[in-house]
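Okay, upload02.pdb now, which holds PDB, C-alpha atoms:
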ATOM      1  CA  MET J 126     -12.912  -9.295  -3.703  1.00  0.00           C
ATOM      2  CA  HIS J 127     -10.764 -12.428  -3.449  1.00  0.00           C
ATOM      3  CA  GLY J 128      -9.533 -12.991   0.104  1.00  0.00           C
ATOM      4  CA  LEU J 129     -10.343  -9.519   1.460  1.00  0.00           C
ATOM      5  CA  GLY J 130     -11.271 -10.936   4.855  1.00  0.00           C
ATOM      6  CA  GLY J 131      -8.494 -13.506   4.910  1.00  0.00           C
ATOM      7  CA  LEU J 132      -5.473 -13.453   7.179  1.00  0.00           C
ATOM      8  CA  ARG J 133      -2.990 -12.310   4.539  1.00  0.00           C
ATOM      9  CA  ASN J 134      -5.012  -9.269   3.510  1.00  0.00           C
ATOM     10  CA  VAL J 135      -5.957  -8.300   7.055  1.00  0.00           C
ATOM     11  CA  VAL J 136      -2.314  -8.461   8.127  1.00  0.00           C
ATOM     12  CA  ARG J 137      -1.283  -6.381   5.126  1.00  0.00           C
ATOM     13  CA  GLN J 138      -3.875  -3.678   5.759  1.00  0.00           C
ATOM     14  CA  GLU J 139      -3.228  -3.497   9.492  1.00  0.00           C
ATOM     15  CA  LEU J 140       0.541  -3.268   9.087  1.00  0.00           C
ATOM     16  CA  VAL J 141       0.283  -0.590   6.405  1.00  0.00           C
ATOM     17  CA  ALA J 142      -2.116   1.364   8.628  1.00  0.00           C
ATOM     18  CA  ARG J 143       0.330   1.248  11.542  1.00  0.00           C
ATOM     19  CA  GLN J 144       3.222   2.263   9.325  1.00  0.00           C
ATOM     20  CA  LEU J 145       1.222   5.147   7.864  1.00  0.00           C
ATOM     21  CA  SER J 146       0.384   6.314  11.371  1.00  0.00           C
ATOM     22  CA  ALA J 147       4.097   6.610  12.064  1.00  0.00           C
ATOM     23  CA  ASN J 148       4.499   8.918   9.067  1.00  0.00           C
ATOM     24  CA  LEU J 149       1.235  10.918   8.998  1.00  0.00           C
ATOM     25  CA  PRO J 150      -0.297  13.007  11.786  1.00  0.00           C
ATOM     26  CA  ALA J 151      -3.607  11.881  13.205  1.00  0.00           C
ATOM     27  CA  GLY J 152      -6.595  13.779  11.864  1.00  0.00           C
ATOM     28  CA  PRO J 153      -8.818  16.221  13.788  1.00  0.00           C
ATOM     29  CA  ALA J 154     -11.347  13.502  14.606  1.00  0.00           C
ATOM     30  CA  VAL J 155      -8.583  11.901  16.707  1.00  0.00           C
ATOM     31  CA  ASP J 156      -6.715  15.050  17.790  1.00  0.00           C
ATOM     32  CA  PRO J 157      -8.799  18.246  17.579  1.00  0.00           C
ATOM     33  CA  SER J 158      -5.629  20.334  17.284  1.00  0.00           C
ATOM     34  CA  ALA J 159      -4.395  18.394  14.231  1.00  0.00           C
ATOM     35  CA  PRO J 160      -5.005  19.625  10.685  1.00  0.00           C
ATOM     36  CA  ALA J 161      -7.183  17.803   8.181  1.00  0.00           C
ATOM     37  CA  LEU J 162      -4.886  16.597   5.405  1.00  0.00           C
ATOM     38  CA  ARG J 163      -5.846  16.415   1.750  1.00  0.00           C
ATOM     39  CA  VAL J 164      -5.230  12.776   0.796  1.00  0.00           C
ATOM     40  CA  LEU J 165      -5.359  10.996  -2.554  1.00  0.00           C
ATOM     41  CA  ASP J 166      -5.574   7.201  -2.615  1.00  0.00           C
ATOM     42  CA  ALA J 167      -4.641   6.376  -6.219  1.00  0.00           C
ATOM     43  CA  GLY J 168      -5.806   2.825  -6.863  1.00  0.00           C
ATOM     44  CA  CYS J 169      -7.873   2.734  -3.694  1.00  0.00           C
ATOM     45  CA  GLY J 170      -9.152  -0.823  -4.280  1.00  0.00           C
ATOM     46  CA  GLN J 171     -11.463  -1.879  -1.472  1.00  0.00           C
ATOM     47  CA  GLY J 172     -10.877   1.477   0.263  1.00  0.00           C
ATOM     48  CA  THR J 173      -9.497   0.215   3.580  1.00  0.00           C
ATOM     49  CA  GLN J 174      -6.879   2.926   4.044  1.00  0.00           C
ATOM     50  CA  ALA J 175      -8.984   5.682   2.473  1.00  0.00           C
ATOM     51  CA  LEU J 176     -11.889   4.992   4.828  1.00  0.00           C
ATOM     52  CA  ARG J 177      -9.598   4.796   7.846  1.00  0.00           C
ATOM     53  CA  LEU J 178      -8.087   8.192   7.065  1.00  0.00           C
ATOM     54  CA  ALA J 179     -11.523   9.733   6.458  1.00  0.00           C
ATOM     55  CA  ARG J 180     -12.658   8.447   9.868  1.00  0.00           C
ATOM     56  CA  GLN J 181      -9.650  10.240  11.380  1.00  0.00           C
ATOM     57  CA  GLY J 182     -10.879  13.530   9.943  1.00  0.00           C
ATOM     58  CA  HIS J 183      -8.844  13.847   6.756  1.00  0.00           C
ATOM     59  CA  GLU J 184     -10.303  14.927   3.406  1.00  0.00           C
ATOM     60  CA  VAL J 185      -9.834  11.874   1.177  1.00  0.00           C
ATOM     61  CA  THR J 186     -10.215  11.281  -2.546  1.00  0.00           C
ATOM     62  CA  GLY J 187     -10.388   7.630  -3.567  1.00  0.00           C
ATOM     63  CA  MET J 188      -9.447   7.013  -7.190  1.00  0.00           C
ATOM     64  CA  ASP J 189      -9.596   3.713  -9.066  1.00  0.00           C
ATOM     65  CA  PRO J 190      -9.966   2.701 -12.725  1.00  0.00           C
ATOM     66  CA  ASP J 191     -12.292  -0.195 -11.862  1.00  0.00           C
ATOM     67  CA  PRO J 192     -15.946   0.843 -11.432  1.00  0.00           C
ATOM     68  CA  ALA J 193     -16.686  -2.392  -9.550  1.00  0.00           C
ATOM     69  CA  MET J 194     -14.081  -1.496  -6.939  1.00  0.00           C
ATOM     70  CA  LEU J 195     -15.514   2.000  -6.621  1.00  0.00           C
ATOM     71  CA  ASP J 196     -18.944   0.472  -6.080  1.00  0.00           C
ATOM     72  CA  THR J 197     -17.480  -1.628  -3.273  1.00  0.00           C
ATOM     73  CA  VAL J 198     -15.996   1.454  -1.611  1.00  0.00           C
ATOM     74  CA  ALA J 199     -19.216   3.422  -2.100  1.00  0.00           C
ATOM     75  CA  SER J 200     -21.185   0.638  -0.416  1.00  0.00           C
ATOM     76  CA  ALA J 201     -18.809   0.639   2.557  1.00  0.00           C
ATOM     77  CA  LEU J 202     -18.879   4.427   2.704  1.00  0.00           C
ATOM     78  CA  SER J 203     -22.687   4.451   2.841  1.00  0.00           C
ATOM     79  CA  ALA J 204     -22.486   2.648   6.199  1.00  0.00           C
ATOM     80  CA  GLU J 205     -20.238   5.326   7.709  1.00  0.00           C
ATOM     81  CA  ARG J 206     -21.322   8.310   9.782  1.00  0.00           C
ATOM     82  CA  PRO J 207     -22.482  11.325   7.735  1.00  0.00           C
ATOM     83  CA  GLU J 208     -19.414  13.372   8.648  1.00  0.00           C
ATOM     84  CA  VAL J 209     -17.147  10.613   7.318  1.00  0.00           C
ATOM     85  CA  GLN J 210     -19.172  10.440   4.111  1.00  0.00           C
ATOM     86  CA  ASP J 211     -18.784  14.199   3.704  1.00  0.00           C
ATOM     87  CA  ARG J 212     -14.987  13.924   3.943  1.00  0.00           C
ATOM     88  CA  MET J 213     -14.600  11.398   1.140  1.00  0.00           C
ATOM     89  CA  ARG J 214     -15.237  11.435  -2.573  1.00  0.00           C
ATOM     90  CA  LEU J 215     -14.679   8.797  -5.226  1.00  0.00           C
ATOM     91  CA  ILE J 216     -13.631   9.256  -8.839  1.00  0.00           C
ATOM     92  CA  GLN J 217     -12.883   6.806 -11.620  1.00  0.00           C
ATOM     93  CA  GLY J 218      -9.449   7.260 -13.115  1.00  0.00           C
ATOM     94  CA  ASP J 219      -5.949   5.949 -13.726  1.00  0.00           C
ATOM     95  CA  GLY J 220      -3.167   7.190 -11.473  1.00  0.00           C
ATOM     96  CA  ARG J 221      -0.920   7.745 -14.482  1.00  0.00           C
ATOM     97  CA  GLU J 222      -3.356  10.423 -15.655  1.00  0.00           C
ATOM     98  CA  VAL J 223      -3.940  12.056 -12.282  1.00  0.00           C
ATOM     99  CA  GLY J 224      -2.894  15.412 -13.743  1.00  0.00           C
ATOM    100  CA  ARG J 225      -6.109  15.431 -15.782  1.00  0.00           C
ATOM    101  CA  HIS J 226      -8.094  15.650 -12.558  1.00  0.00           C
ATOM    102  CA  PHE J 227      -5.896  17.678 -10.196  1.00  0.00           C
ATOM    103  CA  GLY J 228      -3.448  20.556 -10.354  1.00  0.00           C
ATOM    104  CA  PRO J 229       0.106  20.620  -9.009  1.00  0.00           C
ATOM    105  CA  ALA J 230       0.614  20.413  -5.226  1.00  0.00           C
ATOM    106  CA  THR J 231      -3.045  19.547  -4.552  1.00  0.00           C
ATOM    107  CA  PHE J 232      -2.483  16.908  -1.871  1.00  0.00           C
ATOM    108  CA  ASP J 233      -0.688  16.608   1.458  1.00  0.00           C
ATOM    109  CA  ALA J 234      -0.398  12.834   1.068  1.00  0.00           C
ATOM    110  CA  VAL J 235      -0.716  10.420  -1.833  1.00  0.00           C
ATOM    111  CA  LEU J 236      -1.165   6.675  -1.397  1.00  0.00           C
ATOM    112  CA  CYS J 237      -0.443   4.207  -4.194  1.00  0.00           C
ATOM    113  CA  HIS J 238      -0.792   0.706  -2.752  1.00  0.00           C
ATOM    114  CA  GLY J 239      -0.721  -2.502  -4.792  1.00  0.00           C
ATOM    115  CA  VAL J 240      -0.725  -0.677  -8.123  1.00  0.00           C
ATOM    116  CA  LEU J 241       2.831  -0.702  -9.479  1.00  0.00           C
ATOM    117  CA  MET J 242       2.818  -4.497  -9.719  1.00  0.00           C
ATOM    118  CA  TYR J 243       0.259  -4.264 -12.526  1.00  0.00           C
ATOM    119  CA  LEU J 244       2.262  -1.723 -14.550  1.00  0.00           C
ATOM    120  CA  ASP J 245       5.161  -2.575 -16.841  1.00  0.00           C
ATOM    121  CA  GLU J 246       6.949   0.660 -15.985  1.00  0.00           C
ATOM    122  CA  PRO J 247       6.614   2.516 -12.654  1.00  0.00           C
ATOM    123  CA  ASP J 248       8.204   5.844 -13.637  1.00  0.00           C
ATOM    124  CA  PRO J 249       5.208   7.511 -15.368  1.00  0.00           C
ATOM    125  CA  ILE J 250       2.820   7.023 -12.474  1.00  0.00           C
ATOM    126  CA  LEU J 251       5.429   8.051  -9.905  1.00  0.00           C
ATOM    127  CA  ALA J 252       6.103  11.283 -11.798  1.00  0.00           C
ATOM    128  CA  ALA J 253       2.373  11.983 -12.103  1.00  0.00           C
ATOM    129  CA  LEU J 254       1.749  11.397  -8.404  1.00  0.00           C
ATOM    130  CA  ALA J 255       4.748  13.500  -7.368  1.00  0.00           C
ATOM    131  CA  ARG J 256       3.372  16.409  -9.379  1.00  0.00           C
ATOM    132  CA  VAL J 257       0.114  16.571  -7.387  1.00  0.00           C
ATOM    133  CA  LEU J 258       1.943  16.266  -4.038  1.00  0.00           C
ATOM    134  CA  ARG J 259       2.742  19.460  -2.162  1.00  0.00           C
ATOM    135  CA  PRO J 260       6.287  20.171  -0.878  1.00  0.00           C
ATOM    136  CA  GLY J 261       6.716  18.274   2.365  1.00  0.00           C
ATOM    137  CA  GLY J 262       3.907  15.886   1.437  1.00  0.00           C
ATOM    138  CA  LEU J 263       4.089  12.128   1.848  1.00  0.00           C
ATOM    139  CA  LEU J 264       4.063   9.582  -0.985  1.00  0.00           C
ATOM    140  CA  SER J 265       3.213   6.083   0.287  1.00  0.00           C
ATOM    141  CA  LEU J 266       3.901   3.111  -1.998  1.00  0.00           C
ATOM    142  CA  VAL J 267       3.175  -0.575  -1.388  1.00  0.00           C
ATOM    143  CA  VAL J 268       4.909  -2.821  -3.925  1.00  0.00           C
ATOM    144  CA  ARG J 269       5.844  -6.471  -4.411  1.00  0.00           C
ATOM    145  CA  ASN J 270       9.419  -7.068  -3.300  1.00  0.00           C
ATOM    146  CA  ALA J 271      11.483  -8.320  -6.249  1.00  0.00           C
ATOM    147  CA  ASP J 272      14.362  -9.241  -3.958  1.00  0.00           C
ATOM    148  CA  ALA J 273      12.162 -11.790  -2.175  1.00  0.00           C
ATOM    149  CA  LEU J 274      10.355 -13.481  -5.060  1.00  0.00           C
ATOM    150  CA  ALA J 275      12.043 -16.820  -4.315  1.00  0.00           C
ATOM    151  CA  MET J 276      10.789 -16.878  -0.718  1.00  0.00           C
ATOM    152  CA  ARG J 277       7.195 -17.953  -1.363  1.00  0.00           C
ATOM    153  CA  PRO J 278       7.964 -20.894  -3.688  1.00  0.00           C
ATOM    154  CA  GLY J 279      11.013 -21.848  -1.658  1.00  0.00           C
ATOM    155  CA  LEU J 280       9.167 -21.989   1.652  1.00  0.00           C
ATOM    156  CA  GLY J 281       6.449 -23.973  -0.086  1.00  0.00           C
ATOM    157  CA  GLY J 282       8.924 -26.581  -1.325  1.00  0.00           C
ATOM    158  CA  ASP J 283       8.710 -25.482  -4.977  1.00  0.00           C
ATOM    159  CA  TRP J 284      12.442 -25.612  -5.664  1.00  0.00           C
ATOM    160  CA  ARG J 285      12.206 -25.039  -9.410  1.00  0.00           C
ATOM    161  CA  GLY J 286       9.951 -22.072  -8.832  1.00  0.00           C
ATOM    162  CA  ALA J 287      12.416 -20.664  -6.322  1.00  0.00           C
ATOM    163  CA  LEU J 288      15.328 -21.048  -8.742  1.00  0.00           C
ATOM    164  CA  GLU J 289      13.358 -19.356 -11.528  1.00  0.00           C
ATOM    165  CA  ALA J 290      12.551 -16.409  -9.233  1.00  0.00           C
ATOM    166  CA  PHE J 291      16.166 -15.410  -8.705  1.00  0.00           C
ATOM    167  CA  GLY J 292      17.162 -12.470 -10.868  1.00  0.00           C
ATOM    168  CA  THR J 293      13.696 -11.746 -12.256  1.00  0.00           C
ATOM    169  CA  ASP J 294      11.037  -9.178 -11.461  1.00  0.00           C
ATOM    170  CA  ARG J 295       8.144 -11.142 -12.973  1.00  0.00           C
ATOM    171  CA  TYR J 296       5.806 -13.490 -11.160  1.00  0.00           C
ATOM    172  CA  VAL J 297       2.277 -14.876 -11.260  1.00  0.00           C
ATOM    173  CA  ASN J 298       0.189 -13.781  -8.289  1.00  0.00           C
ATOM    174  CA  ARG J 299      -2.386 -15.835  -6.407  1.00  0.00           C
ATOM    175  CA  LEU J 300      -5.109 -14.588  -8.727  1.00  0.00           C
ATOM    176  CA  GLY J 301      -3.222 -16.158 -11.627  1.00  0.00           C
ATOM    177  CA  LEU J 302      -2.261 -12.785 -13.113  1.00  0.00           C
ATOM    178  CA  ALA J 303       1.167 -12.088 -14.590  1.00  0.00           C
ATOM    179  CA  THR J 304       2.575  -9.213 -12.546  1.00  0.00           C
ATOM    180  CA  ARG J 305       5.812  -7.366 -11.800  1.00  0.00           C
ATOM    181  CA  ALA J 306       7.827  -6.698  -8.665  1.00  0.00           C
ATOM    182  CA  ASP J 307      10.091  -3.765  -7.738  1.00  0.00           C
ATOM    183  CA  ARG J 308      13.471  -3.467  -6.082  1.00  0.00           C
ATOM    184  CA  ARG J 309      13.847  -0.945  -3.299  1.00  0.00           C
ATOM    185  CA  GLU J 310      17.119   0.486  -4.568  1.00  0.00           C
ATOM    186  CA  ALA J 311      15.706   1.160  -8.030  1.00  0.00           C
ATOM    187  CA  LEU J 312      12.583   2.816  -6.647  1.00  0.00           C
ATOM    188  CA  ALA J 313      14.649   4.900  -4.222  1.00  0.00           C
ATOM    189  CA  ARG J 314      16.767   6.128  -7.139  1.00  0.00           C
ATOM    190  CA  THR J 315      13.688   7.077  -9.145  1.00  0.00           C
ATOM    191  CA  LEU J 316      12.145   8.841  -6.161  1.00  0.00           C
ATOM    192  CA  ARG J 317      15.303  10.908  -5.662  1.00  0.00           C
ATOM    193  CA  GLU J 318      15.314  11.885  -9.317  1.00  0.00           C
ATOM    194  CA  ILE J 319      11.733  13.175  -9.205  1.00  0.00           C
ATOM    195  CA  GLY J 320      12.319  15.126  -5.989  1.00  0.00           C
ATOM    196  CA  VAL J 321      10.534  12.791  -3.558  1.00  0.00           C
ATOM    197  CA  PRO J 322      13.358  11.045  -1.685  1.00  0.00           C
ATOM    198  CA  LEU J 323      12.718   7.945   0.381  1.00  0.00           C
ATOM    199  CA  ARG J 324      12.397   8.678   4.103  1.00  0.00           C
ATOM    200  CA  GLU J 325      11.472   5.288   5.561  1.00  0.00           C
ATOM    201  CA  TRP J 326      10.664   1.790   4.368  1.00  0.00           C
ATOM    202  CA  TYR J 327       9.095  -1.298   5.867  1.00  0.00           C
ATOM    203  CA  GLY J 328       8.493  -4.932   5.099  1.00  0.00           C
ATOM    204  CA  VAL J 329       4.925  -6.239   5.013  1.00  0.00           C
ATOM    205  CA  ARG J 330       4.115  -9.927   5.597  1.00  0.00           C
ATOM    206  CA  VAL J 331       7.425 -11.417   6.639  1.00  0.00           C
ATOM    207  CA  PHE J 332       5.887 -14.418   8.428  1.00  0.00           C
ATOM    208  CA  THR J 333       2.356 -14.814   7.055  1.00  0.00           C
ATOM    209  CA  ASP J 334       2.849 -14.532   3.303  1.00  0.00           C
ATOM    210  CA  THR J 335       2.664 -18.295   2.768  1.00  0.00           C
ATOM    211  CA  ALA J 336      -0.593 -18.669   4.696  1.00  0.00           C
ATOM    212  CA  PRO J 337      -3.306 -20.417   2.637  1.00  0.00           C
ATOM    213  CA  ASP J 338      -5.922 -18.266   0.949  1.00  0.00           C
ATOM    214  CA  ALA J 339      -8.533 -19.751   3.276  1.00  0.00           C
ATOM    215  CA  ALA J 340      -6.582 -18.875   6.449  1.00  0.00           C
ATOM    216  CA  ARG J 341      -8.595 -16.657   8.770  1.00  0.00           C
ATOM    217  CA  VAL J 342      -7.651 -14.217  11.493  1.00  0.00           C
ATOM    218  CA  PRO J 343      -7.058 -16.004  14.827  1.00  0.00           C
ATOM    219  CA  ALA J 344     -10.219 -16.061  16.942  1.00  0.00           C
ATOM    220  CA  ASP J 345      -8.229 -15.276  20.098  1.00  0.00           C
ATOM    221  CA  PRO J 346      -7.600 -11.487  20.130  1.00  0.00           C
ATOM    222  CA  GLU J 347      -4.416 -11.886  22.163  1.00  0.00           C
ATOM    223  CA  GLU J 348      -3.016 -14.382  19.674  1.00  0.00           C
ATOM    224  CA  PHE J 349      -3.854 -12.073  16.768  1.00  0.00           C
ATOM    225  CA  GLU J 350      -2.253  -9.091  18.487  1.00  0.00           C
ATOM    226  CA  ALA J 351       0.901 -11.157  19.117  1.00  0.00           C
ATOM    227  CA  LEU J 352       0.937 -12.088  15.417  1.00  0.00           C
ATOM    228  CA  LEU J 353       0.633  -8.444  14.387  1.00  0.00           C
ATOM    229  CA  ALA J 354       3.291  -7.385  16.892  1.00  0.00           C
ATOM    230  CA  ALA J 355       5.714  -9.958  15.487  1.00  0.00           C
ATOM    231  CA  GLU J 356       4.993  -8.862  11.902  1.00  0.00           C
ATOM    232  CA  GLU J 357       5.346  -5.200  12.834  1.00  0.00           C
ATOM    233  CA  ALA J 358       8.664  -5.792  14.586  1.00  0.00           C
ATOM    234  CA  ALA J 359      10.042  -7.795  11.659  1.00  0.00           C
ATOM    235  CA  GLY J 360       8.803  -5.270   9.113  1.00  0.00           C
ATOM    236  CA  GLY J 361      10.720  -2.458  10.764  1.00  0.00           C
ATOM    237  CA  ARG J 362      14.159  -3.998  11.092  1.00  0.00           C
ATOM    238  CA  ASP J 363      16.905  -5.738   9.161  1.00  0.00           C
ATOM    239  CA  PRO J 364      17.399  -8.404   7.986  1.00  0.00           C
ATOM    240  CA  TYR J 365      13.737  -9.420   8.167  1.00  0.00           C
ATOM    241  CA  ARG J 366      12.151  -6.572   6.243  1.00  0.00           C
ATOM    242  CA  GLY J 367      14.386  -7.283   3.255  1.00  0.00           C
ATOM    243  CA  VAL J 368      12.694 -10.658   2.665  1.00  0.00           C
ATOM    244  CA  ALA J 369       9.107  -9.475   3.176  1.00  0.00           C
ATOM    245  CA  ALA J 370       6.658 -10.210   0.381  1.00  0.00           C
ATOM    246  CA  LEU J 371       5.714  -6.546   0.124  1.00  0.00           C
ATOM    247  CA  LEU J 372       7.569  -3.307   0.703  1.00  0.00           C
ATOM    248  CA  HIS J 373       6.005  -0.126   2.061  1.00  0.00           C
ATOM    249  CA  LEU J 374       8.011   2.924   1.008  1.00  0.00           C
ATOM    250  CA  CYS J 375       7.351   6.349   2.539  1.00  0.00           C
ATOM    251  CA  ALA J 376       8.889   9.257   0.623  1.00  0.00           C
ATOM    252  CA  VAL J 377       8.615  13.019   1.150  1.00  0.00           C
ATOM    253  CA  ARG J 378       8.554  15.637  -1.591  1.00  0.00           C
ATOM    254  CA  GLY J 379      11.353  18.185  -1.245  1.00  0.00           C
TER     255      GLY J 379
END
Now, as a test, write the supplied structure out as structure tokens.
Amino acid sequence: MHGLGGLRNVVRQELVARQLSANLPAGPAVDPSAPALRVLDAGCGQGTQALRLARQGHEVTGMDPDPAMLDTVASALSAERPEVQDRMRLIQGDGREVGRHFGPATFDAVLCHGVLMYLDEPDPILAALARVLRPGGLLSLVVRNADALAMRPGLGGDWRGALEAFGTDRYVNRLGLATRADRREALARTLREIGVPLREWYGVRVFTDTAPDAARVPADPEEFEALLAAEEAAGGRDPYRGVAALLHLCAVRG
């Protein structure tokens, strides 16, 4: 639950939501003529994106190995309208073993956000998630950007930390956990090999990644919208997106 209402997390979730909206149709609760998609959020965490998609009218399955996280999502879900509650279900499980729960081509979209950084090897989970994705379905990944690991320590004046970050994919996150980052080119190659080629990619948190944990969302709505607009613009264009803390990759199964 660390920092869920802080600036960095709010910016991340809002940017990812906007980027998803550019790659997924709105649900029938927004556009009555639109279809309800079958969505899997593998590693749903606090459930921000899963709940948003359920509110739009999509049928969403939230999956997470941590029962405490599922309890958090269930609590949030209990405050939603009954029709939103009916569209969403929660199951405990590991995305690498998603085939134990679902058959091939079950879902129209699969989200896997902030999960790969905790796995030593991304290929098994990517293959498992691709298997349950229908042809033409969207796979959405949010990963730590290995090509930008020196940015955070460097901008913070930690020169030794910046030097150590060059050429590695390992780092310690703000929770003090040893984690792993990914490089876009390597992930794009893997996605091609498993039949889910990369269609679009974005940077997430180009400007706000070094904000303190205690930083809050600006109280002035206009200022906050300007912040989000600047982050969104940077995350969608070169060279800025290449140095973002996180990458959002949107791939489509062939």
Tyr243 of chain J surroundings by only C-alpha atoms, 10 Å radius, close-in-sequence under 3 positions cut, as an MDAnalysis selection string: chainID J and resid 239:240 246:247 268 302:306
Atomic distance atom CA of Gly170 of chain J - atom CA of Glu348 of chain J, expressed in Å with one decimal: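 Distance between the two atoms: 28.2 Å.
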Closest of J:Asp283, J:Gln171, J:Gly320, J:Gly292 to Gly130 of chain J - atom-to-atom distances counting all atoms listed in the file: J:Gln171
Asp338 of chain J environment, 12 Å, only C-alpha atoms, sequence neighbours closer than 4 positions dropped, as a list in words: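 Result of the neighbour search: His127, Gly128, Leu129, Gly130, Gly131, Leu132, Arg133, Asn134, Val135, Asn298, Arg299, Leu300, Thr333, Asp334 and Val342 of chain J.
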Pick from J:Arg137, J:Arg366, J:His238, J:His183, whichever lies nearest to Leu149 of chain J using only C-alpha atoms: J:His183
Which protein, DNA or RNA residues have an atom at most 12 Å from (15.4, -15.3, -3.1), counting all atoms listed in the file? List them as a tab-separated table (two decimals) with C-alpha atoms, in the frame of the given file.
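Result went into part.tsv, see below:
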chain	number	residue	atom	x	y	z
J	270	ASN	CA	9.42	-7.07	-3.30
J	271	ALA	CA	11.48	-8.32	-6.25
J	272	ASP	CA	14.36	-9.24	-3.96
J	273	ALA	CA	12.16	-11.79	-2.17
J	274	LEU	CA	10.36	-13.48	-5.06
J	275	ALA	CA	12.04	-16.82	-4.32
J	276	MET	CA	10.79	-16.88	-0.72
J	277	ARG	CA	7.20	-17.95	-1.36
J	278	PRO	CA	7.96	-20.89	-3.69
J	279	GLY	CA	11.01	-21.85	-1.66
J	280	LEU	CA	9.17	-21.99	1.65
J	284	TRP	CA	12.44	-25.61	-5.66
J	286	GLY	CA	9.95	-22.07	-8.83
J	287	ALA	CA	12.42	-20.66	-6.32
J	288	LEU	CA	15.33	-21.05	-8.74
J	289	GLU	CA	13.36	-19.36	-11.53
J	290	ALA	CA	12.55	-16.41	-9.23
J	291	PHE	CA	16.17	-15.41	-8.70
J	292	GLY	CA	17.16	-12.47	-10.87
J	293	THR	CA	13.70	-11.75	-12.26
J	294	ASP	CA	11.04	-9.18	-11.46
J	367	GLY	CA	14.39	-7.28	3.26
J	368	VAL	CA	12.69	-10.66	2.66
J	369	ALA	CA	9.11	-9.48	3.18
J	370	ALA	CA	6.66	-10.21	0.38
Using only C-alpha atoms, find all polymer residues with an atom at most 8 Å away from the point (11.2, -0.8, -4.6); report them as a PDB file with C-alpha atoms, in the coordinates of the input.
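part01.pdb, freshly written:
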ATOM      1  CA  VAL J 268       4.909  -2.821  -3.925  1.00  0.00           C
ATOM      2  CA  ARG J 269       5.844  -6.471  -4.411  1.00  0.00           C
ATOM      3  CA  ASN J 270       9.419  -7.068  -3.300  1.00  0.00           C
ATOM      4  CA  ALA J 271      11.483  -8.320  -6.249  1.00  0.00           C
ATOM      5  CA  ALA J 306       7.827  -6.698  -8.665  1.00  0.00           C
ATOM      6  CA  ASP J 307      10.091  -3.765  -7.738  1.00  0.00           C
ATOM      7  CA  ARG J 308      13.471  -3.467  -6.082  1.00  0.00           C
ATOM      8  CA  ARG J 309      13.847  -0.945  -3.299  1.00  0.00           C
ATOM      9  CA  GLU J 310      17.119   0.486  -4.568  1.00  0.00           C
ATOM     10  CA  ALA J 311      15.706   1.160  -8.030  1.00  0.00           C
ATOM     11  CA  LEU J 312      12.583   2.816  -6.647  1.00  0.00           C
ATOM     12  CA  ALA J 313      14.649   4.900  -4.222  1.00  0.00           C
ATOM     13  CA  LEU J 372       7.569  -3.307   0.703  1.00  0.00           C
ATOM     14  CA  LEU J 374       8.011   2.924   1.008  1.00  0.00           C
TER      15      LEU J 374
END
Given the PyMOL selection byres ((chain J and resi 166) around 12), the residues it picks as a ChimeraX atom specification: /J:163-165,167-179,183-190,195,198,213-220,223,232-240,254,257-258,263-267
Picked residues, the PyMOL selection byres ((chain J and resi 322) around 7), as number ranges by chain: J: 313, 316-317, 320-321, 323-324, 376-378
For the selection you just gave me, I'd like the residues written to a file as a CSV table (one decimal), keeping the file's coordinate frame, keeping C-alpha atoms.
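Result written to result08.csv:
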chain,number,residue,atom,x,y,z
J,313,ALA,CA,14.6,4.9,-4.2
J,316,LEU,CA,12.1,8.8,-6.2
J,317,ARG,CA,15.3,10.9,-5.7
J,320,GLY,CA,12.3,15.1,-6.0
J,321,VAL,CA,10.5,12.8,-3.6
J,323,LEU,CA,12.7,7.9,0.4
J,324,ARG,CA,12.4,8.7,4.1
J,376,ALA,CA,8.9,9.3,0.6
J,377,VAL,CA,8.6,13.0,1.2
J,378,ARG,CA,8.6,15.6,-1.6
Nearest-residue call for Glu318 of chain J, choices J:Ala252, J:Met194, J:Ala351, J:Ala359, using all atoms listed in the file: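 Residue with the minimum atom-to-atom distance to Glu318 of chain J: J:Ala252.
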Separation of atom CA of Pro343 of chain J from atom CA of Ala147 of chain J, in Å and rounded to one decimal: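 Atom-to-atom, atom CA of Pro343 of chain J to atom CA of Ala147 of chain J, that is 25.4 Å.
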Between atom CA of Arg259 of chain J and atom CA of Val209 of chain J - distance in Å to one decimal: 23.7 Å
To box segment 308-321 of chain J, take all atoms listed in the file, fit an axis-aligned box, add 4 Å on each side, and give centre and edge lengths in Å to one decimal, as JSON.
{"center_x": 13.8, "center_y": 5.8, "center_z": -6.3, "size_x": 14.6, "size_y": 26.6, "size_z": 14.0}
Selection under test: the PyMOL selection byres ((chain J and resi 354) around 12); residues as a PyMOL selection string: chain J and resi 136+139-140+143+330-332+347-353+355-361
Nearby residues (all atoms listed in the file) at most 9 Å from Val155 of chain J, same-chain spacing under 5 positions excluded, as a PyMOL selection string: chain J and resi 180-182
